[in-house]
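What follows is the content of work_26.tsv, which has TSV, C-alpha atoms and all ligand atoms:
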chain	number	residue	atom	x	y	z
X	1	MET	CA	7.79	-20.02	-7.91
X	2	LYS	CA	4.81	-17.84	-8.81
X	3	LEU	CA	5.26	-14.14	-8.10
X	4	VAL	CA	2.24	-11.88	-7.76
X	5	ARG	CA	1.35	-8.26	-7.16
X	6	LEU	CA	-1.75	-7.41	-5.16
X	7	VAL	CA	-3.01	-3.82	-4.93
X	8	TYR	CA	-5.81	-2.84	-2.55
X	9	TYR	CA	-7.26	0.22	-0.90
X	10	SER	CA	-8.91	0.58	2.46
X	11	HIS	CA	-10.30	3.20	4.79
X	12	ALA	CA	-8.62	3.82	8.15
X	13	SER	CA	-10.97	3.35	11.09
X	14	ARG	CA	-9.69	6.66	12.46
X	15	GLU	CA	-7.27	9.41	11.44
X	16	MET	CA	-3.73	7.96	11.58
X	17	SER	CA	-0.97	9.87	13.37
X	18	LEU	CA	2.63	9.69	12.21
X	19	SER	CA	3.34	7.30	15.05
X	20	ASP	CA	0.41	5.04	13.99
X	21	LEU	CA	1.87	4.93	10.48
X	22	LYS	CA	5.38	4.34	11.80
X	23	SER	CA	4.12	1.41	13.85
X	24	ILE	CA	2.44	-0.17	10.78
X	25	LEU	CA	5.58	0.37	8.70
X	26	ASP	CA	7.92	-1.04	11.37
X	27	THR	CA	5.85	-4.24	11.58
X	28	ALA	CA	5.53	-4.44	7.81
X	29	ARG	CA	9.25	-4.02	7.22
X	30	ARG	CA	10.16	-6.59	9.84
X	31	ASN	CA	7.65	-9.22	8.69
X	32	ASN	CA	7.95	-8.58	4.96
X	33	GLN	CA	11.70	-8.97	4.97
X	34	ALA	CA	11.30	-12.41	6.57
X	35	GLU	CA	8.67	-13.40	3.97
X	36	GLY	CA	10.46	-12.00	0.91
X	37	ILE	CA	7.62	-9.51	0.37
X	38	CYS	CA	8.08	-5.95	-0.82
X	39	GLY	CA	5.73	-3.12	-1.71
X	40	MET	CA	4.55	0.41	-1.27
X	41	LEU	CA	2.03	1.98	1.09
X	42	SER	CA	0.43	5.39	0.78
X	43	TYR	CA	-1.88	7.11	3.22
X	44	GLU	CA	-3.87	10.30	2.87
X	45	GLN	CA	-7.36	11.55	3.74
X	46	GLN	CA	-7.89	8.39	5.81
X	47	TYR	CA	-7.38	6.12	2.79
X	48	PHE	CA	-4.65	3.52	2.44
X	49	LEU	CA	-3.45	2.33	-0.96
X	50	GLN	CA	-0.96	-0.52	-0.85
X	51	ALA	CA	0.88	-2.82	-3.26
X	52	LEU	CA	2.25	-6.14	-2.05
X	53	GLU	CA	4.63	-8.18	-4.18
X	54	GLY	CA	6.14	-11.58	-3.52
X	55	GLU	CA	5.59	-15.30	-3.68
X	56	ARG	CA	1.90	-16.02	-4.27
X	57	SER	CA	1.04	-17.90	-1.06
X	58	ALA	CA	3.03	-15.46	1.08
X	59	VAL	CA	1.21	-12.47	-0.44
X	60	ASN	CA	-2.17	-14.20	-0.07
X	61	GLU	CA	-1.54	-14.99	3.61
X	62	LEU	CA	-0.32	-11.50	4.37
X	63	TYR	CA	-3.33	-9.96	2.67
X	64	LEU	CA	-5.67	-12.06	4.84
X	65	ASP	CA	-3.82	-10.83	7.98
X	66	ILE	CA	-3.94	-7.23	6.83
X	67	ALA	CA	-7.63	-7.50	5.95
X	68	ASP	CA	-8.27	-8.66	9.53
X	69	ASP	CA	-6.57	-5.61	11.05
X	70	PRO	CA	-9.00	-3.39	13.01
X	71	ARG	CA	-7.08	-0.25	12.04
X	72	HIS	CA	-8.90	-0.19	8.71
X	73	ASP	CA	-12.01	-1.42	6.92
X	74	GLU	CA	-13.69	-1.33	3.47
X	75	ILE	CA	-10.66	-3.30	2.27
X	76	THR	CA	-11.03	-3.72	-1.49
X	77	ILE	CA	-8.70	-5.48	-3.93
X	78	ILE	CA	-8.05	-3.31	-6.99
X	79	SER	CA	-5.84	-5.79	-8.85
X	80	TYR	CA	-4.13	-9.14	-8.47
X	81	GLU	CA	-1.76	-10.34	-11.15
X	82	GLU	CA	1.14	-12.62	-11.83
X	83	ILE	CA	4.41	-10.74	-12.38
X	84	THR	CA	7.81	-11.76	-13.67
X	85	ALA	CA	9.78	-9.50	-11.32
X	86	PRO	CA	8.91	-7.18	-8.44
X	87	ILE	CA	8.83	-3.43	-9.18
X	88	PHE	CA	9.10	-2.37	-5.53
X	89	LYS	CA	11.97	-4.70	-4.71
X	90	GLN	CA	14.09	-1.97	-3.10
X	91	TRP	CA	11.50	-1.53	-0.36
X	92	LYS	CA	10.35	-4.01	2.27
X	93	MET	CA	7.52	-1.48	2.44
X	94	GLY	CA	7.98	2.00	0.98
X	95	TYR	CA	5.84	4.86	2.20
X	96	ALA	CA	4.48	8.15	0.85
X	97	GLY	CA	1.77	10.42	2.22
X	98	GLY	CA	0.30	13.76	1.14
X	99	SER	CA	3.50	15.44	-0.01
X	100	ALA	CA	3.77	18.05	-2.78
X	101	GLU	CA	4.62	15.26	-5.24
X	102	PHE	CA	1.57	13.32	-4.07
X	103	THR	CA	-0.72	16.31	-4.75
X	104	LYS	CA	0.94	16.92	-8.12
X	105	LEU	CA	0.39	13.32	-9.15
X	106	LEU	CA	-3.27	13.47	-8.16
X	107	LYS	CA	-3.68	16.62	-10.23
X	108	GLU	CA	-2.11	14.91	-13.24
X	109	MET	CA	-4.74	12.19	-12.84
X	110	GLY	CA	-7.46	14.84	-12.83
X	111	GLN	CA	-8.22	14.35	-9.12
X	112	THR	CA	-8.19	16.90	-6.31
X	113	GLU	CA	-8.75	14.39	-3.52
X	114	PHE	CA	-7.14	11.05	-2.76
X	115	LEU	CA	-9.98	8.64	-3.55
X	116	PRO	CA	-8.44	5.25	-4.45
X	117	GLU	CA	-11.92	3.79	-5.01
X	118	THR	CA	-12.14	5.87	-8.19
X	119	MET	CA	-8.78	4.63	-9.55
X	120	SER	CA	-8.52	2.00	-12.25
X	121	PRO	CA	-6.06	-0.87	-11.60
X	122	ARG	CA	-3.60	0.79	-13.96
X	123	GLN	CA	-3.91	4.22	-12.32
X	124	ALA	CA	-3.49	2.76	-8.82
X	125	PHE	CA	-0.36	0.87	-9.85
X	126	GLN	CA	1.15	3.85	-11.69
X	127	PHE	CA	0.36	6.13	-8.77
X	128	LEU	CA	2.23	3.85	-6.34
X	129	GLN	CA	5.06	3.39	-8.81
X	130	HIS	CA	5.53	7.18	-9.09
X	131	LEU	CA	5.30	7.64	-5.34
X	132	ALA	CA	7.97	5.00	-4.81
X	133	GLY	CA	10.45	7.42	-6.37
X	134	ASN	CA	9.30	10.26	-4.08
X	135	GLN	CA	8.96	8.71	-0.68
X	136	ASP	CA	8.52	10.21	2.75
X	137	ASN	CA	11.06	9.31	5.37
X	138	LEU	CA	9.01	7.22	7.81
K	1	LIG	P1	1.91	-7.44	15.93
K	1	LIG	O1	2.34	-6.26	15.13
K	1	LIG	O2	2.62	-7.69	17.21
K	1	LIG	O3	0.32	-7.27	16.19
K	1	LIG	C1	-0.42	-8.27	16.92
K	1	LIG	C2	-1.91	-8.05	16.70
K	1	LIG	O4	-2.34	-6.77	17.18
K	1	LIG	C3	-2.32	-8.09	15.23
K	1	LIG	O5	-3.53	-8.80	15.10
K	1	LIG	C4	-2.52	-6.63	14.84
K	1	LIG	O6	-3.48	-6.53	13.80
K	1	LIG	C5	-2.96	-6.01	16.17
K	1	LIG	N1	-2.50	-4.62	16.32
K	1	LIG	C6	-1.21	-4.22	16.38
K	1	LIG	N2	-1.14	-2.89	16.56
K	1	LIG	C7	-2.43	-2.45	16.63
K	1	LIG	C8	-3.04	-1.18	16.84
K	1	LIG	N3	-2.30	-0.07	16.99
K	1	LIG	N4	-4.38	-1.11	16.84
K	1	LIG	C9	-5.14	-2.21	16.68
K	1	LIG	N5	-4.62	-3.45	16.49
K	1	LIG	C10	-3.29	-3.57	16.47
K	1	LIG	N6	1.89	-6.20	8.23
K	1	LIG	C11	2.88	-6.78	7.54
K	1	LIG	O7	3.49	-7.73	8.05
K	1	LIG	N7	3.21	-6.35	6.27
K	1	LIG	C12	2.56	-5.33	5.65
K	1	LIG	O8	2.91	-4.96	4.55
K	1	LIG	C13	1.50	-4.69	6.38
K	1	LIG	N8	0.80	-3.67	5.83
K	1	LIG	C14	-0.22	-3.12	6.53
K	1	LIG	C15	-0.98	-2.08	5.95
K	1	LIG	C16	-2.04	-1.51	6.64
K	1	LIG	C17	-2.84	-0.41	6.00
K	1	LIG	C18	-2.37	-1.96	7.95
K	1	LIG	C19	-3.51	-1.34	8.70
K	1	LIG	C20	-1.63	-2.97	8.53
K	1	LIG	C21	-0.56	-3.56	7.85
K	1	LIG	N9	0.20	-4.59	8.41
K	1	LIG	C22	1.20	-5.17	7.69
K	1	LIG	C23	-0.06	-5.07	9.76
K	1	LIG	C24	-0.88	-6.34	9.72
K	1	LIG	O9	-2.26	-6.02	9.57
K	1	LIG	C25	-0.72	-7.13	11.03
K	1	LIG	O10	-0.95	-6.28	12.11
K	1	LIG	C26	0.68	-7.67	11.12
K	1	LIG	O11	1.02	-8.41	10.00
K	1	LIG	C27	0.76	-8.56	12.39
K	1	LIG	O12	2.12	-8.61	12.67
K	1	LIG	P2	2.67	-9.38	13.93
K	1	LIG	O13	2.24	-10.81	13.86
K	1	LIG	O14	4.14	-9.11	13.99
K	1	LIG	O15	1.88	-8.80	15.16
For the file at hand, write its structure as structure tokens.
Amino acid sequence: MKLVRLVYYSHASREMSLSDLKSILDTARRNNQAEGICGMLSYEQQYFLQALEGERSAVNELYLDIADDPRHDEITIISYEEITAPIFKQWKMGYAGGSAEFTKLLKEMGQTEFLPETMSPRQAFQFLQHLAGNQDNL
């Protein structure tokens, strides 16, 4: 079985409320569990940054579904790689938004705004990895 990690960013078509985010996360957690997919989602300043990990064809199919979702656009893959084991395996889909830790992490990366389009593949992955340890309860 080939395992992969896909990281992408996108721009929300409108400002997301907490209940919008909760609805995305509820669906993600339900579906991802069934597909053996895990990952991490962050949202701030109308940008999403998400990592998806799992079996290659399952991740590919999910990405195509997500890319079709009218709640966001400008969907751009930052990285796609084969992995030996998932990093986000504790979370069917973890979540973190603009918390104090989030802002601190951005600062450490020399950024004042959340602009995933300026992140390198390594930065995007490390950012999500750090956030996974400091999640919001949604
Ligand atoms: P349902 O949730 O029942 O949705 C049916 C259809 O309605 C879908 O086409 C959906 O796109 C659309 N829809 C649902 N709610 C809304 C709404 N409020 N506004 C507009 N259209 C809507 N899904 C996952 O399974 N795993 C993920 O990790 C995941 N991550 C996501 C990350 C982001 C940033 C976004 C925007 C969506 C994500 N989704 C995720 C949702 C995904 O795009 C699909 O909506 C979902 O997979 C469809 O699930 P479902 O078949 O259970 O249908």
In terms of the shortest atom-to-atom distance over all atoms listed in the file, which of X:Met16, X:Leu128, X:Ala67, X:Leu106 is closest to ligand LIG 1 (chain K)? X:Ala67
Write as a PDB file with C-alpha atoms, in the frame of the given file the residues around ligand LIG 1 (chain K), taking 10 Å as the cut-off and counting all atoms listed in the file.
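That gives us pocket34.pdb:
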ATOM      1  CA  TYR X   8      -5.810  -2.840  -2.550  1.00  0.00           C
ATOM      2  CA  TYR X   9      -7.260   0.220  -0.900  1.00  0.00           C
ATOM      3  CA  SER X  10      -8.910   0.580   2.460  1.00  0.00           C
ATOM      4  CA  HIS X  11     -10.300   3.200   4.790  1.00  0.00           C
ATOM      5  CA  ALA X  12      -8.620   3.820   8.150  1.00  0.00           C
ATOM      6  CA  SER X  13     -10.970   3.350  11.090  1.00  0.00           C
ATOM      7  CA  MET X  16      -3.730   7.960  11.580  1.00  0.00           C
ATOM      8  CA  SER X  19       3.340   7.300  15.050  1.00  0.00           C
ATOM      9  CA  ASP X  20       0.410   5.040  13.990  1.00  0.00           C
ATOM     10  CA  LEU X  21       1.870   4.930  10.480  1.00  0.00           C
ATOM     11  CA  SER X  23       4.120   1.410  13.850  1.00  0.00           C
ATOM     12  CA  ILE X  24       2.440  -0.170  10.780  1.00  0.00           C
ATOM     13  CA  LEU X  25       5.580   0.370   8.700  1.00  0.00           C
ATOM     14  CA  ASP X  26       7.920  -1.040  11.370  1.00  0.00           C
ATOM     15  CA  THR X  27       5.850  -4.240  11.580  1.00  0.00           C
ATOM     16  CA  ALA X  28       5.530  -4.440   7.810  1.00  0.00           C
ATOM     17  CA  ARG X  29       9.250  -4.020   7.220  1.00  0.00           C
ATOM     18  CA  ARG X  30      10.160  -6.590   9.840  1.00  0.00           C
ATOM     19  CA  ASN X  31       7.650  -9.220   8.690  1.00  0.00           C
ATOM     20  CA  ASN X  32       7.950  -8.580   4.960  1.00  0.00           C
ATOM     21  CA  GLN X  33      11.700  -8.970   4.970  1.00  0.00           C
ATOM     22  CA  ALA X  34      11.300 -12.410   6.570  1.00  0.00           C
ATOM     23  CA  GLU X  35       8.670 -13.400   3.970  1.00  0.00           C
ATOM     24  CA  ILE X  37       7.620  -9.510   0.370  1.00  0.00           C
ATOM     25  CA  CYS X  38       8.080  -5.950  -0.820  1.00  0.00           C
ATOM     26  CA  GLY X  39       5.730  -3.120  -1.710  1.00  0.00           C
ATOM     27  CA  MET X  40       4.550   0.410  -1.270  1.00  0.00           C
ATOM     28  CA  LEU X  41       2.030   1.980   1.090  1.00  0.00           C
ATOM     29  CA  SER X  42       0.430   5.390   0.780  1.00  0.00           C
ATOM     30  CA  TYR X  43      -1.880   7.110   3.220  1.00  0.00           C
ATOM     31  CA  TYR X  47      -7.380   6.120   2.790  1.00  0.00           C
ATOM     32  CA  PHE X  48      -4.650   3.520   2.440  1.00  0.00           C
ATOM     33  CA  LEU X  49      -3.450   2.330  -0.960  1.00  0.00           C
ATOM     34  CA  GLN X  50      -0.960  -0.520  -0.850  1.00  0.00           C
ATOM     35  CA  ALA X  51       0.880  -2.820  -3.260  1.00  0.00           C
ATOM     36  CA  LEU X  52       2.250  -6.140  -2.050  1.00  0.00           C
ATOM     37  CA  GLU X  53       4.630  -8.180  -4.180  1.00  0.00           C
ATOM     38  CA  VAL X  59       1.210 -12.470  -0.440  1.00  0.00           C
ATOM     39  CA  GLU X  61      -1.540 -14.990   3.610  1.00  0.00           C
ATOM     40  CA  LEU X  62      -0.320 -11.500   4.370  1.00  0.00           C
ATOM     41  CA  TYR X  63      -3.330  -9.960   2.670  1.00  0.00           C
ATOM     42  CA  LEU X  64      -5.670 -12.060   4.840  1.00  0.00           C
ATOM     43  CA  ASP X  65      -3.820 -10.830   7.980  1.00  0.00           C
ATOM     44  CA  ILE X  66      -3.940  -7.230   6.830  1.00  0.00           C
ATOM     45  CA  ALA X  67      -7.630  -7.500   5.950  1.00  0.00           C
ATOM     46  CA  ASP X  68      -8.270  -8.660   9.530  1.00  0.00           C
ATOM     47  CA  ASP X  69      -6.570  -5.610  11.050  1.00  0.00           C
ATOM     48  CA  PRO X  70      -9.000  -3.390  13.010  1.00  0.00           C
ATOM     49  CA  ARG X  71      -7.080  -0.250  12.040  1.00  0.00           C
ATOM     50  CA  HIS X  72      -8.900  -0.190   8.710  1.00  0.00           C
ATOM     51  CA  ASP X  73     -12.010  -1.420   6.920  1.00  0.00           C
ATOM     52  CA  ILE X  75     -10.660  -3.300   2.270  1.00  0.00           C
ATOM     53  CA  LYS X  92      10.350  -4.010   2.270  1.00  0.00           C
ATOM     54  CA  MET X  93       7.520  -1.480   2.440  1.00  0.00           C
ATOM     55  CA  GLY X  94       7.980   2.000   0.980  1.00  0.00           C
TER      56      GLY X  94
END
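Atom CA of X:Lys22 to atom CA of X:Ser79 spans 25.6 Å [interatomic distance, one decimal].
Between atom CA of X:Phe114 and atom CA of X:Ser99 there is a distance of 11.8 Å.
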Which of these residues is nearest to X:Leu105, using all atoms listed in the file: X:Asn60, X:Gln90, X:Gln126, X:Ser120? X:Gln126
Identify which of the residues X:Ala58, X:Ile78, X:Met119, X:Leu138 lies closest to X:Gly97, counting all atoms listed in the file when measuring atom-to-atom distances. X:Leu138
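Note that atom CA of X:Ala124 and atom CA of X:Gln45 are 15.8 Å apart.
Within 8 Å of X:Ile83, once only C-alpha atoms are used and residues closer than 3 positions along the same chain are dropped, the contacting residues are Lys2, Leu3, Val4, Arg5 and Pro86 of chain X.
Residue nearest X:Glu82, chosen from X:Gly54, X:Pro116, X:Gly110, X:Gly133 and counting all atoms listed in the file: X:Gly54.
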What's the 12 Å shell around X:Ala100, counting only C-alpha atoms, without same-chain residues fewer than 4 positions away, as a PyMOL selection string? chain X and resi 96+104-107+131+134-136
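Using all atoms listed in the file, the shortest contact distance between X:Lys89 and any of X:Gln46, X:Glu15, X:Met1, X:Ala132 is found at X:Ala132.
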Emit a file covering stretch 27-138 of chain X of the preceding structure with C-alpha atoms, as a compact mmCIF listing (two decimals), in the first residue's frame.
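Here's the written file out-v6.txt:
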# COMPACT_ATOMS: atom_id res chain seq x y z
CA THR X 27 -18.01 15.88 7.50
CA ALA X 28 -14.25 15.48 7.26
CA ARG X 29 -14.01 13.47 10.47
CA ARG X 30 -16.89 11.21 9.50
CA ASN X 31 -15.68 10.54 5.95
CA ASN X 32 -11.97 10.41 6.71
CA GLN X 33 -12.39 7.83 9.42
CA ALA X 34 -14.18 5.56 6.93
CA GLU X 35 -11.40 6.08 4.35
CA GLY X 36 -8.45 5.73 6.73
CA ILE X 37 -7.44 9.33 6.04
CA CYS X 38 -6.05 11.70 8.65
CA GLY X 39 -4.73 15.25 8.57
CA MET X 40 -4.79 18.79 9.80
CA LEU X 41 -6.77 21.84 8.70
CA SER X 42 -6.04 25.45 9.55
CA TYR X 43 -8.11 28.50 8.70
CA GLU X 44 -7.33 32.17 9.12
CA GLN X 45 -7.76 35.38 7.11
CA GLN X 46 -9.98 33.46 4.68
CA TYR X 47 -7.20 31.01 3.79
CA PHE X 48 -7.31 27.27 4.34
CA LEU X 49 -4.15 25.21 4.67
CA GLN X 50 -4.72 21.46 4.88
CA ALA X 51 -2.67 18.26 4.99
CA LEU X 52 -4.25 14.96 3.98
CA GLU X 53 -2.53 11.66 4.68
CA GLY X 54 -3.58 8.15 3.74
CA GLU X 55 -3.64 5.55 1.03
CA ARG X 56 -2.73 7.16 -2.31
CA SER X 57 -5.96 6.59 -4.26
CA ALA X 58 -8.11 7.55 -1.25
CA VAL X 59 -6.20 10.83 -0.79
CA ASN X 60 -6.35 11.56 -4.54
CA GLU X 61 -10.12 11.01 -4.66
CA LEU X 62 -10.75 13.09 -1.57
CA TYR X 63 -8.64 15.92 -2.93
CA LEU X 64 -10.72 15.96 -6.14
CA ASP X 65 -13.93 16.17 -4.05
CA ILE X 66 -12.52 18.93 -1.87
CA ALA X 67 -11.28 20.86 -4.92
CA ASP X 68 -14.86 20.78 -6.27
CA ASP X 69 -16.31 22.31 -3.10
CA PRO X 70 -17.86 25.76 -3.72
CA ARG X 71 -16.86 26.94 -0.24
CA HIS X 72 -13.37 27.70 -1.51
CA ASP X 73 -11.36 28.41 -4.66
CA GLU X 74 -7.77 29.10 -5.80
CA ILE X 75 -7.03 25.56 -4.58
CA THR X 76 -3.28 25.01 -5.00
CA ILE X 77 -1.23 21.92 -4.16
CA ILE X 78 1.90 22.86 -2.19
CA SER X 79 3.34 19.36 -1.92
CA TYR X 80 2.55 15.73 -2.66
CA GLU X 81 4.88 13.02 -1.44
CA GLU X 82 5.09 9.39 -0.53
CA ILE X 83 5.45 8.81 3.22
CA THR X 84 6.31 5.79 5.32
CA ALA X 85 3.94 6.64 8.17
CA PRO X 86 1.33 9.33 8.82
CA ILE X 87 2.34 12.23 11.08
CA PHE X 88 -1.22 13.33 11.82
CA LYS X 89 -2.50 9.86 12.61
CA GLN X 90 -4.12 10.90 15.91
CA TRP X 91 -6.54 13.14 14.04
CA LYS X 92 -9.21 12.22 11.51
CA MET X 93 -8.91 15.95 10.83
CA GLY X 94 -7.26 18.21 13.40
CA TYR X 95 -8.04 21.91 13.43
CA ALA X 96 -6.33 25.16 14.44
CA GLY X 97 -7.26 28.76 13.66
CA GLY X 98 -5.79 32.14 14.59
CA SER X 99 -4.86 31.37 18.19
CA ALA X 100 -1.95 32.93 20.11
CA GLU X 101 0.21 29.93 19.15
CA PHE X 102 -0.78 30.40 15.52
CA THR X 103 0.34 34.05 15.57
CA LYS X 104 3.56 33.12 17.39
CA LEU X 105 4.37 30.51 14.76
CA LEU X 106 3.77 32.97 11.94
CA LYS X 107 6.11 35.45 13.64
CA GLU X 108 8.81 32.79 13.92
CA MET X 109 8.48 32.31 10.17
CA GLY X 110 8.94 36.05 9.66
CA GLN X 111 5.30 36.57 8.63
CA THR X 112 2.69 38.89 10.12
CA GLU X 113 -0.20 37.59 8.03
CA PHE X 114 -1.36 34.08 7.22
CA LEU X 115 -0.46 33.82 3.52
CA PRO X 116 0.03 30.11 2.68
CA GLU X 117 0.84 31.03 -0.94
CA THR X 118 4.16 32.42 0.28
CA MET X 119 5.08 29.23 2.21
CA SER X 120 7.55 26.69 0.89
CA PRO X 121 6.45 23.02 1.03
CA ARG X 122 8.66 22.54 4.08
CA GLN X 123 7.30 25.61 5.88
CA ALA X 124 3.69 24.63 5.19
CA PHE X 125 4.26 21.12 6.53
CA GLN X 126 6.14 22.32 9.62
CA PHE X 127 3.49 24.94 10.30
CA LEU X 128 0.72 22.30 10.28
CA GLN X 129 2.85 19.92 12.31
CA HIS X 130 3.36 22.57 15.03
CA LEU X 131 -0.31 23.52 14.99
CA ALA X 132 -1.29 19.89 15.45
CA GLY X 133 0.18 20.09 18.94
CA ASN X 134 -1.78 23.29 19.71
CA GLN X 135 -5.22 22.69 18.36
CA ASP X 136 -8.48 24.54 18.81
CA ASN X 137 -11.40 22.60 20.16
CA LEU X 138 -13.76 22.50 17.18
